[in-house]
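Student: What follows is the file entry-v9.txt, containing compact mmCIF, C-alpha atoms:
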# COMPACT_ATOMS: atom_id res chain seq x y z
CA MET W 1 70.47 86.15 155.68
CA THR W 2 71.58 89.14 153.64
CA ARG W 3 70.17 89.93 150.22
CA PRO W 4 72.39 90.98 147.33
CA LEU W 5 71.90 94.65 146.51
CA LYS W 6 70.81 93.86 142.95
CA GLN W 7 68.00 91.52 144.03
CA GLY W 8 64.68 93.16 143.28
CA LEU W 9 66.29 96.29 141.84
CA LYS W 10 64.43 97.22 138.70
CA LEU W 11 65.83 100.58 137.70
CA VAL W 12 68.93 102.68 138.29
CA TRP W 13 68.53 105.93 136.36
CA PHE W 14 70.78 108.98 136.21
CA ALA W 15 70.46 112.16 134.18
CA THR W 16 72.82 115.08 134.41
CA GLY W 17 73.42 118.16 132.32
CA LYS W 18 76.81 118.35 130.59
CA ASP W 19 77.43 121.74 132.22
CA ASP W 20 76.25 120.58 135.67
CA PHE W 21 78.81 120.79 138.45
CA LEU W 22 77.93 117.16 139.29
CA ILE W 23 78.62 115.68 135.84
CA ASP W 24 81.95 114.11 136.82
CA THR W 25 80.41 112.62 139.96
CA SER W 26 77.51 111.20 137.95
CA ARG W 27 79.85 109.68 135.36
CA ALA W 28 82.04 108.13 138.07
CA THR W 29 79.03 106.72 139.93
CA VAL W 30 77.58 105.20 136.77
CA ALA W 31 80.97 103.68 135.87
CA MET W 32 81.35 102.20 139.36
CA LEU W 33 77.86 100.69 139.32
CA LYS W 34 78.42 99.19 135.86
CA LYS W 35 81.77 97.77 137.02
CA HIS W 36 79.85 95.94 139.75
CA GLY W 37 77.33 94.51 137.31
CA PHE W 38 74.43 96.91 137.69
CA GLU W 39 72.46 97.92 134.63
CA VAL W 40 72.35 101.70 134.68
CA ALA W 41 70.41 104.07 132.46
CA PHE W 42 72.36 107.32 132.13
CA LYS W 43 71.42 110.39 130.16
CA GLU W 44 73.60 113.43 129.59
CA SER W 45 71.72 116.43 128.34
CA ALA W 46 72.63 119.96 127.39
CA GLY W 47 72.68 122.53 130.14
CA ALA W 48 73.40 122.58 133.83
CA HIS W 49 71.69 122.04 137.18
CA THR W 50 68.51 123.87 136.19
CA TRP W 51 64.77 123.59 136.71
CA THR W 52 64.34 123.10 132.95
CA ASN W 53 66.47 119.95 133.04
CA TRP W 54 64.78 118.69 136.21
CA ARG W 55 61.36 118.99 134.54
CA GLU W 56 62.56 117.09 131.47
CA TYR W 57 64.14 114.38 133.63
CA LEU W 58 61.00 113.98 135.72
CA ASN W 59 58.89 113.72 132.57
CA GLU W 60 61.16 110.94 131.28
CA PHE W 61 61.75 109.15 134.60
CA ALA W 62 58.28 109.11 136.21
CA PRO W 63 56.65 106.78 133.64
CA LEU W 64 59.50 104.28 134.14
CA LEU W 65 58.40 103.87 137.76
CA PHE W 66 55.05 102.39 136.72
CA ARG W 67 56.10 99.74 134.20
For the structure just supplied, provide its representation as structure tokens.
Tutor:
Amino acid sequence: MTRPLKQGLKLVWFATGKDDFLIDTSRATVAMLKKHGFEVAFKESAGAHTWTNWREYLNEFAPLLFR
């Protein structure tokens, strides 16, 4: 028996800088997931693909893992 992908999924979280080379890919992925009924948390921040953004994202994302 196969399980639906959404079963047991508690969090889908994306964060991408507005100047990041992956911003269009992130937006398209989030749109596709939402189209298929997934609840997606998506944050666009200033900046690009930088360590500063990664640190901020980790600080925001990590506590969500332990709810």
Student: When distances are computed from all atoms listed in the file, which of W:Trp13, W:His36, W:Ala31, W:Asp24 shows the smallest separation from W:Tyr57?
Tutor: W:Trp13
Student: Rounded to one decimal in Å, what is the spacing between atom CA of W:Pro63 and atom CA of W:Gly17?
Tutor: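 For atom CA of W:Pro63 relative to atom CA of W:Gly17, the distance reads 20.3 Å.
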Student: Go through W:Gln7, W:Asn53, W:Leu64, W:Ala48 one by one, measure the shortest atom-to-atom distance of each to W:Asp20 using all atoms listed in the file, and give the residue with the smallest value.
Tutor: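 Of W:Gln7, W:Asn53, W:Leu64, W:Ala48, the one nearest W:Asp20 is W:Ala48, counting all atoms listed in the file.
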Student: Using only C-alpha atoms, collect all residues at a distance of at most 9 Å from (69.1, 116.8, 129.1) as written in the file, then present them as an MDAnalysis selection string.
Tutor: chainID W and resid 15:18 43:48 52:54 56:57
Student: First collect every listed atom of stretch 24-37 of chain W; then fit an axis-aligned box around them, widen it by 5 Å on each side, and give centre and edge lengths in Å to one decimal, as lines of an AutoDock Vina configuration file.
Tutor:
center_x = 79.7
center_y = 104.3
center_z = 137.7
size_x = 14.7
size_y = 29.6
size_z = 14.6
Student: Between W:Thr50, W:Ala28, W:Leu22, W:Leu65, which residue has the minimum interatomic distance to W:Leu9, considering all atoms listed in the file?
Tutor: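 That would be W:Leu65, the residue with the smallest distance to W:Leu9.
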Student: So how many Å separate atom CA of W:Phe14 and atom CA of W:Phe42, to one decimal?
Tutor: 4.7 Å
Student: Rank W:Met32, W:Asn59, W:Gly37, W:Thr25 by their smallest atom-to-atom distance to W:Pro4, using only C-alpha atoms, and report the top residue only.
Tutor: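 With only C-alpha atoms as the atom set, the closest residue is W:Gly37.
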Student: So what do you get for atom CA of W:Lys10 versus atom CA of W:Phe61, distance-wise?
Tutor: 12.9 Å
Student: When you count only C-alpha atoms, which of these residues is closest to W:Val40: W:Ser26, W:Ala62, W:Asp19, W:Arg55?
Tutor: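 Nearest candidate to W:Val40 out of W:Ser26, W:Ala62, W:Asp19, W:Arg55: W:Ser26.
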